[in-house]
file my_file-v7.pdb (PDB, N, CA and C atoms)
ATOM      1  N   PRO V  20      78.029  18.852  47.814
ATOM      2  CA  PRO V  20      78.185  17.591  47.085
ATOM      3  C   PRO V  20      77.398  17.594  45.775
ATOM      4  N   VAL V  21      77.893  16.847  44.825
ATOM      5  CA  VAL V  21      77.229  16.717  43.530
ATOM      6  C   VAL V  21      76.251  15.541  43.601
ATOM      7  N   LEU V  22      75.049  15.780  43.182
ATOM      8  CA  LEU V  22      73.997  14.770  43.231
ATOM      9  C   LEU V  22      73.651  14.329  41.824
ATOM     10  N   ARG V  23      73.553  13.037  41.608
ATOM     11  CA  ARG V  23      73.123  12.489  40.321
ATOM     12  C   ARG V  23      71.628  12.243  40.362
ATOM     13  N   ILE V  24      70.943  12.706  39.338
ATOM     14  CA  ILE V  24      69.496  12.488  39.222
ATOM     15  C   ILE V  24      69.232  11.806  37.892
ATOM     16  N   LYS V  25      68.620  10.644  37.954
ATOM     17  CA  LYS V  25      68.243   9.924  36.736
ATOM     18  C   LYS V  25      66.727   9.810  36.712
ATOM     19  N   VAL V  26      66.124  10.252  35.612
ATOM     20  CA  VAL V  26      64.671  10.214  35.462
ATOM     21  C   VAL V  26      64.330   9.331  34.273
ATOM     22  N   GLN V  27      63.358   8.461  34.480
ATOM     23  CA  GLN V  27      62.895   7.611  33.392
ATOM     24  C   GLN V  27      61.390   7.813  33.225
ATOM     25  N   PHE V  28      61.018   8.258  32.032
ATOM     26  CA  PHE V  28      59.605   8.403  31.707
ATOM     27  C   PHE V  28      59.097   7.018  31.325
ATOM     28  N   ARG V  29      58.139   6.499  32.071
ATOM     29  CA  ARG V  29      57.557   5.194  31.767
ATOM     30  C   ARG V  29      56.444   5.317  30.731
ATOM     31  N   ARG V  30      55.618   6.325  30.915
ATOM     32  CA  ARG V  30      54.530   6.589  29.972
ATOM     33  C   ARG V  30      54.259   8.085  29.971
ATOM     34  N   PHE V  31      53.899   8.576  28.798
ATOM     35  CA  PHE V  31      53.496   9.976  28.684
ATOM     36  C   PHE V  31      52.334   9.987  27.712
ATOM     37  N   ASP V  32      51.132   9.801  28.247
ATOM     38  CA  ASP V  32      49.930   9.667  27.427
ATOM     39  C   ASP V  32      49.222  11.005  27.293
ATOM     40  N   ASN V  33      48.719  11.248  26.095
ATOM     41  CA  ASN V  33      48.041  12.507  25.790
ATOM     42  C   ASN V  33      46.724  12.219  25.097
ATOM     43  N   TRP V  34      45.642  12.781  25.625
ATOM     44  CA  TRP V  34      44.344  12.682  24.994
ATOM     45  C   TRP V  34      43.856  14.100  24.715
ATOM     46  N   PRO V  35      43.993  14.561  23.462
ATOM     47  CA  PRO V  35      43.554  15.920  23.122
ATOM     48  C   PRO V  35      42.101  16.149  23.542
ATOM     49  N   GLY V  36      41.872  17.274  24.183
ATOM     50  CA  GLY V  36      40.531  17.609  24.641
ATOM     51  C   GLY V  36      40.176  16.964  25.965
ATOM     52  N   ARG V  37      41.064  16.135  26.508
ATOM     53  CA  ARG V  37      40.764  15.441  27.772
ATOM     54  C   ARG V  37      41.833  15.667  28.837
ATOM     55  N   GLN V  38      42.964  14.950  28.706
ATOM     56  CA  GLN V  38      43.969  15.030  29.763
ATOM     57  C   GLN V  38      45.333  14.532  29.299
ATOM     58  N   VAL V  39      46.305  14.750  30.175
ATOM     59  CA  VAL V  39      47.677  14.275  29.986
ATOM     60  C   VAL V  39      48.036  13.476  31.234
ATOM     61  N   GLU V  40      48.681  12.339  31.046
ATOM     62  CA  GLU V  40      49.167  11.535  32.169
ATOM     63  C   GLU V  40      50.636  11.207  31.955
ATOM     64  N   LEU V  41      51.397  11.343  33.024
ATOM     65  CA  LEU V  41      52.826  11.046  32.991
ATOM     66  C   LEU V  41      53.148  10.093  34.137
ATOM     67  N   TYR V  42      53.795   8.995  33.805
ATOM     68  CA  TYR V  42      54.281   8.037  34.800
ATOM     69  C   TYR V  42      55.803   8.035  34.694
ATOM     70  N   ALA V  43      56.468   8.264  35.806
ATOM     71  CA  ALA V  43      57.930   8.331  35.781
ATOM     72  C   ALA V  43      58.499   7.791  37.080
ATOM     73  N   ASN V  44      59.764   7.394  37.013
ATOM     74  CA  ASN V  44      60.488   7.107  38.237
ATOM     75  C   ASN V  44      61.851   7.771  38.149
ATOM     76  N   TRP V  45      62.486   7.922  39.304
ATOM     77  CA  TRP V  45      63.758   8.620  39.349
ATOM     78  C   TRP V  45      64.620   8.011  40.448
ATOM     79  N   SER V  46      65.905   8.211  40.300
ATOM     80  CA  SER V  46      66.827   7.770  41.346
ATOM     81  C   SER V  46      67.805   8.899  41.630
ATOM     82  N   LEU V  47      68.201   8.972  42.866
ATOM     83  CA  LEU V  47      69.139   9.984  43.329
ATOM     84  C   LEU V  47      70.339   9.277  43.952
ATOM     85  N   SER V  48      71.517   9.760  43.672
ATOM     86  CA  SER V  48      72.727   9.238  44.310
ATOM     87  C   SER V  48      73.769  10.345  44.310
ATOM     88  N   PHE V  49      74.723  10.240  45.207
ATOM     89  CA  PHE V  49      75.788  11.227  45.256
ATOM     90  C   PHE V  49      76.887  10.840  44.290
ATOM     91  N   ALA V  50      77.373  11.798  43.531
ATOM     92  CA  ALA V  50      78.344  11.547  42.468
ATOM     93  C   ALA V  50      79.689  11.076  42.994
ATOM     94  N   GLU V  51      80.049  11.493  44.204
ATOM     95  CA  GLU V  51      81.371  11.110  44.700
ATOM     96  C   GLU V  51      81.466   9.623  44.993
ATOM     97  N   GLY V  52      80.344   8.943  45.113
ATOM     98  CA  GLY V  52      80.350   7.496  45.264
ATOM     99  C   GLY V  52      80.822   7.002  46.614
ATOM    100  N   THR V  53      80.968   7.876  47.596
ATOM    101  CA  THR V  53      81.431   7.429  48.909
ATOM    102  C   THR V  53      80.333   6.702  49.674
ATOM    103  N   ALA V  54      79.091   7.052  49.409
ATOM    104  CA  ALA V  54      77.978   6.399  50.093
ATOM    105  C   ALA V  54      77.208   5.543  49.092
ATOM    106  N   PRO V  55      77.031   4.270  49.385
ATOM    107  CA  PRO V  55      76.309   3.413  48.457
ATOM    108  C   PRO V  55      74.805   3.681  48.440
ATOM    109  N   ALA V  56      74.328   4.461  49.387
ATOM    110  CA  ALA V  56      72.898   4.707  49.489
ATOM    111  C   ALA V  56      72.385   5.512  48.300
ATOM    112  N   HIS V  57      71.162   5.239  47.932
ATOM    113  CA  HIS V  57      70.489   6.018  46.904
ATOM    114  C   HIS V  57      69.004   6.016  47.204
ATOM    115  N   LEU V  58      68.298   6.895  46.552
ATOM    116  CA  LEU V  58      66.855   7.009  46.735
ATOM    117  C   LEU V  58      66.192   6.737  45.401
ATOM    118  N   ILE V  59      65.130   5.962  45.427
ATOM    119  CA  ILE V  59      64.350   5.710  44.219
ATOM    120  C   ILE V  59      62.927   6.180  44.488
ATOM    121  N   GLY V  60      62.410   7.011  43.602
ATOM    122  CA  GLY V  60      61.055   7.522  43.729
ATOM    123  C   GLY V  60      60.277   7.277  42.462
ATOM    124  N   GLN V  61      58.971   7.393  42.565
ATOM    125  CA  GLN V  61      58.121   7.249  41.385
ATOM    126  C   GLN V  61      56.888   8.111  41.552
ATOM    127  N   GLY V  62      56.260   8.432  40.447
ATOM    128  CA  GLY V  62      55.080   9.263  40.527
ATOM    129  C   GLY V  62      54.203   9.167  39.295
ATOM    130  N   GLN V  63      52.977   9.530  39.497
ATOM    131  CA  GLN V  63      51.984   9.597  38.429
ATOM    132  C   GLN V  63      51.406  11.009  38.490
ATOM    133  N   PHE V  64      51.432  11.699  37.365
ATOM    134  CA  PHE V  64      51.009  13.095  37.304
ATOM    135  C   PHE V  64      49.959  13.249  36.223
ATOM    136  N   ARG V  65      48.875  13.943  36.542
ATOM    137  CA  ARG V  65      47.771  14.147  35.591
ATOM    138  C   ARG V  65      47.413  15.626  35.529
ATOM    139  N   GLU V  66      47.059  16.035  34.339
ATOM    140  CA  GLU V  66      46.574  17.406  34.123
ATOM    141  C   GLU V  66      45.417  17.355  33.136
ATOM    142  N   ASP V  67      44.385  18.116  33.411
ATOM    143  CA  ASP V  67      43.294  18.248  32.446
ATOM    144  C   ASP V  67      43.792  19.020  31.236
ATOM    145  N   ALA V  68      43.299  18.629  30.058
ATOM    146  CA  ALA V  68      43.717  19.286  28.814
ATOM    147  C   ALA V  68      42.494  19.543  27.930
ATOM    148  N   PRO V  69      41.542  20.314  28.424
ATOM    149  CA  PRO V  69      40.375  20.613  27.595
ATOM    150  C   PRO V  69      40.764  21.568  26.472
ATOM    151  N   GLY V  70      40.115  21.443  25.380
ATOM    152  CA  GLY V  70      40.367  22.397  24.298
ATOM    153  C   GLY V  70      41.262  21.846  23.212
ATOM    154  N   ASP V  71      41.967  22.757  22.561
ATOM    155  CA  ASP V  71      42.763  22.412  21.379
ATOM    156  C   ASP V  71      44.179  21.961  21.744
ATOM    157  N   TYR V  72      45.031  21.857  20.729
ATOM    158  CA  TYR V  72      46.397  21.380  20.934
ATOM    159  C   TYR V  72      47.245  22.344  21.761
ATOM    160  N   ALA V  73      46.934  23.606  21.734
ATOM    161  CA  ALA V  73      47.659  24.556  22.582
ATOM    162  C   ALA V  73      47.402  24.238  24.055
ATOM    163  N   HIS V  74      46.159  23.897  24.385
ATOM    164  CA  HIS V  74      45.831  23.504  25.755
ATOM    165  C   HIS V  74      46.551  22.209  26.119
ATOM    166  N   LEU V  75      46.635  21.291  25.175
ATOM    167  CA  LEU V  75      47.334  20.037  25.401
ATOM    168  C   LEU V  75      48.821  20.287  25.700
ATOM    169  N   ALA V  76      49.436  21.162  24.930
ATOM    170  CA  ALA V  76      50.853  21.478  25.134
ATOM    171  C   ALA V  76      51.076  22.112  26.506
ATOM    172  N   ARG V  77      50.184  22.991  26.926
ATOM    173  CA  ARG V  77      50.322  23.607  28.251
ATOM    174  C   ARG V  77      50.130  22.569  29.356
ATOM    175  N   ALA V  78      49.217  21.633  29.159
ATOM    176  CA  ALA V  78      49.021  20.554  30.142
ATOM    177  C   ALA V  78      50.269  19.668  30.216
ATOM    178  N   GLN V  79      50.903  19.420  29.081
ATOM    179  CA  GLN V  79      52.161  18.654  29.085
ATOM    180  C   GLN V  79      53.228  19.393  29.887
ATOM    181  N   GLN V  80      53.334  20.693  29.685
ATOM    182  CA  GLN V  80      54.316  21.494  30.414
ATOM    183  C   GLN V  80      54.059  21.447  31.914
ATOM    184  N   ARG V  81      52.797  21.560  32.314
ATOM    185  CA  ARG V  81      52.462  21.522  33.740
ATOM    186  C   ARG V  81      52.776  20.148  34.340
ATOM    187  N   THR V  82      52.564  19.104  33.561
ATOM    188  CA  THR V  82      52.831  17.749  34.046
ATOM    189  C   THR V  82      54.327  17.542  34.266
ATOM    190  N   VAL V  83      55.137  17.964  33.319
ATOM    191  CA  VAL V  83      56.589  17.837  33.459
ATOM    192  C   VAL V  83      57.074  18.722  34.617
ATOM    193  N   ALA V  84      56.487  19.898  34.782
ATOM    194  CA  ALA V  84      56.854  20.774  35.898
ATOM    195  C   ALA V  84      56.517  20.117  37.237
ATOM    196  N   ALA V  85      55.373  19.453  37.314
ATOM    197  CA  ALA V  85      54.987  18.755  38.553
ATOM    198  C   ALA V  85      55.984  17.643  38.874
ATOM    199  N   LEU V  86      56.437  16.935  37.857
ATOM    200  CA  LEU V  86      57.471  15.918  38.053
ATOM    201  C   LEU V  86      58.738  16.567  38.609
ATOM    202  N   GLY V  87      59.170  17.669  38.011
ATOM    203  CA  GLY V  87      60.363  18.363  38.475
ATOM    204  C   GLY V  87      60.237  18.836  39.916
ATOM    205  N   GLU V  88      59.069  19.332  40.286
ATOM    206  CA  GLU V  88      58.841  19.786  41.658
ATOM    207  C   GLU V  88      58.921  18.619  42.640
ATOM    208  N   GLN V  89      58.372  17.470  42.252
ATOM    209  CA  GLN V  89      58.421  16.301  43.124
ATOM    210  C   GLN V  89      59.856  15.803  43.313
ATOM    211  N   VAL V  90      60.597  15.749  42.226
ATOM    212  CA  VAL V  90      62.000  15.330  42.311
ATOM    213  C   VAL V  90      62.778  16.322  43.185
ATOM    214  N   ALA V  91      62.522  17.604  43.024
ATOM    215  CA  ALA V  91      63.211  18.620  43.828
ATOM    216  C   ALA V  91      62.913  18.445  45.317
ATOM    217  N   LYS V  92      61.656  18.129  45.668
ATOM    218  CA  LYS V  92      61.315  17.870  47.073
ATOM    219  C   LYS V  92      62.117  16.695  47.604
ATOM    220  N   ASP V  93      62.190  15.630  46.819
ATOM    221  CA  ASP V  93      62.952  14.454  47.238
ATOM    222  C   ASP V  93      64.431  14.794  47.396
ATOM    223  N   VAL V  94      64.974  15.587  46.475
ATOM    224  CA  VAL V  94      66.386  15.961  46.537
ATOM    225  C   VAL V  94      66.669  16.744  47.814
ATOM    226  N   ARG V  95      65.852  17.746  48.092
ATOM    227  CA  ARG V  95      66.079  18.570  49.284
ATOM    228  C   ARG V  95      66.016  17.728  50.557
ATOM    229  N   ARG V  96      64.991  16.908  50.665
ATOM    230  CA  ARG V  96      64.810  16.103  51.853
ATOM    231  C   ARG V  96      65.911  15.043  51.980
ATOM    232  N   TRP V  97      66.215  14.364  50.882
ATOM    233  CA  TRP V  97      67.186  13.277  50.930
ATOM    234  C   TRP V  97      68.606  13.778  51.174
ATOM    235  N   SER V  98      68.946  14.921  50.607
ATOM    236  CA  SER V  98      70.306  15.434  50.808
ATOM    237  C   SER V  98      70.561  15.790  52.265
ATOM    238  N   LEU V  99      69.504  16.061  53.016
ATOM    239  CA  LEU V  99      69.651  16.372  54.443
ATOM    240  C   LEU V  99      69.518  15.144  55.330
ATOM    241  N   SER V 100      68.601  14.242  54.990
ATOM    242  CA  SER V 100      68.294  13.144  55.903
ATOM    243  C   SER V 100      68.849  11.783  55.468
ATOM    244  N   ARG V 101      69.061  11.609  54.161
ATOM    245  CA  ARG V 101      69.488  10.310  53.592
ATOM    246  C   ARG V 101      68.471   9.203  53.855
ATOM    247  N   SER V 102      67.221   9.574  54.124
ATOM    248  CA  SER V 102      66.155   8.588  54.278
ATOM    249  C   SER V 102      65.898   7.931  52.928
ATOM    250  N   THR V 103      65.499   6.685  52.914
ATOM    251  CA  THR V 103      65.296   5.971  51.660
ATOM    252  C   THR V 103      63.866   6.029  51.158
ATOM    253  N   ASP V 104      63.040   6.885  51.731
ATOM    254  CA  ASP V 104      61.637   6.994  51.327
ATOM    255  C   ASP V 104      61.405   8.244  50.500
ATOM    256  N   CYS V 105      60.620   8.107  49.423
ATOM    257  CA  CYS V 105      60.235   9.262  48.618
ATOM    258  C   CYS V 105      59.215  10.091  49.382
ATOM    259  N   VAL V 106      59.113  11.364  49.014
ATOM    260  CA  VAL V 106      58.159  12.259  49.636
ATOM    261  C   VAL V 106      56.734  11.853  49.285
ATOM    262  N   GLN V 107      56.504  11.504  48.036
ATOM    263  CA  GLN V 107      55.150  11.253  47.542
ATOM    264  C   GLN V 107      54.553  10.007  48.101
TER     265      GLN V 107
END

call {"tool": "encode", "arguments": {"input": "my_file-v7.pdb", "output": "structure tokens"}}
result
Amino acid sequence: PVLRIKVQFRRFDNWPGRQVELYANWSLSFAEGTAPAHLIGQGQFREDAPGDYAHLARAQQRTVAALGEQVAKDVRRWSLSRSTDCVQ
């Protein structure tokens, strides 16, 4: 089945030399539309970003990757169980 994933970045704050914070939520639904059920998840992800802008960029990448990993966990679990609870 085809799964629809919608991600909304609520905040993506960056403090050079300190940290990166990402607040996001996401929803999952099946594209065929036969089941009205969907899953809504949300998360807050933080990474330390000591140093210069290169460190900040790497912290941003790790934060977005953590979001992707969380969504992937929800997708795997939800596609099998159809439970309405997020993993996180």

call {"tool": "atom_distance", "arguments": {"input": "my_file-v7.pdb", "atom1": "atom CA of V:Ser48", "atom2": "atom CA of V:Phe64"}}
result
23.1 Å

call {"tool": "residues_around", "arguments": {"input": "my_file-v7.pdb", "residues": "V:Val39", "least_positions_apart": "6", "cutoff": "6.5 Å", "atoms": "only N, CA and C atoms", "output": "list in words"}}
result
Asp32, Asn33, Phe64, Arg65, Glu66, Asp67, Ala68, Ala78 and Gln79 of chain V

call {"tool": "atom_distance", "arguments": {"input": "my_file-v7.pdb", "atom1": "atom CA of V:Arg77", "atom2": "atom CA of V:Lys92"}}
result
22.5 Å

call {"tool": "atom_distance", "arguments": {"input": "my_file-v7.pdb", "atom1": "atom CA of V:Pro20", "atom2": "atom CA of V:Asp93"}}
result
15.6 Å

call {"tool": "closest_residue", "arguments": {"input": "my_file-v7.pdb", "among": "V:Arg29, V:Val21, V:Gly62, V:Ser98", "to": "V:Phe49", "atoms": "only N, CA and C atoms"}}
result
V:Val21

call {"tool": "closest_residue", "arguments": {"input": "my_file-v7.pdb", "among": "V:His57, V:Arg96, V:Val26, V:Glu51", "to": "V:Val83", "atoms": "only C-alpha atoms"}}
result
V:Val26

call {"tool": "select_by_dssp", "arguments": {"input": "my_file-v7.pdb", "residues": "stretch 34-99 of chain V", "states": "alpha helix (DSSP H)", "output": "MDAnalysis selection string"}}
result
chainID V and resid 72:99

call {"tool": "resolve_selection", "arguments": {"input": "my_file-v7.pdb", "expression": "the PyMOL selection byres ((chain V and resi 45) around 7)", "output": "count of residues only"}}
result
13
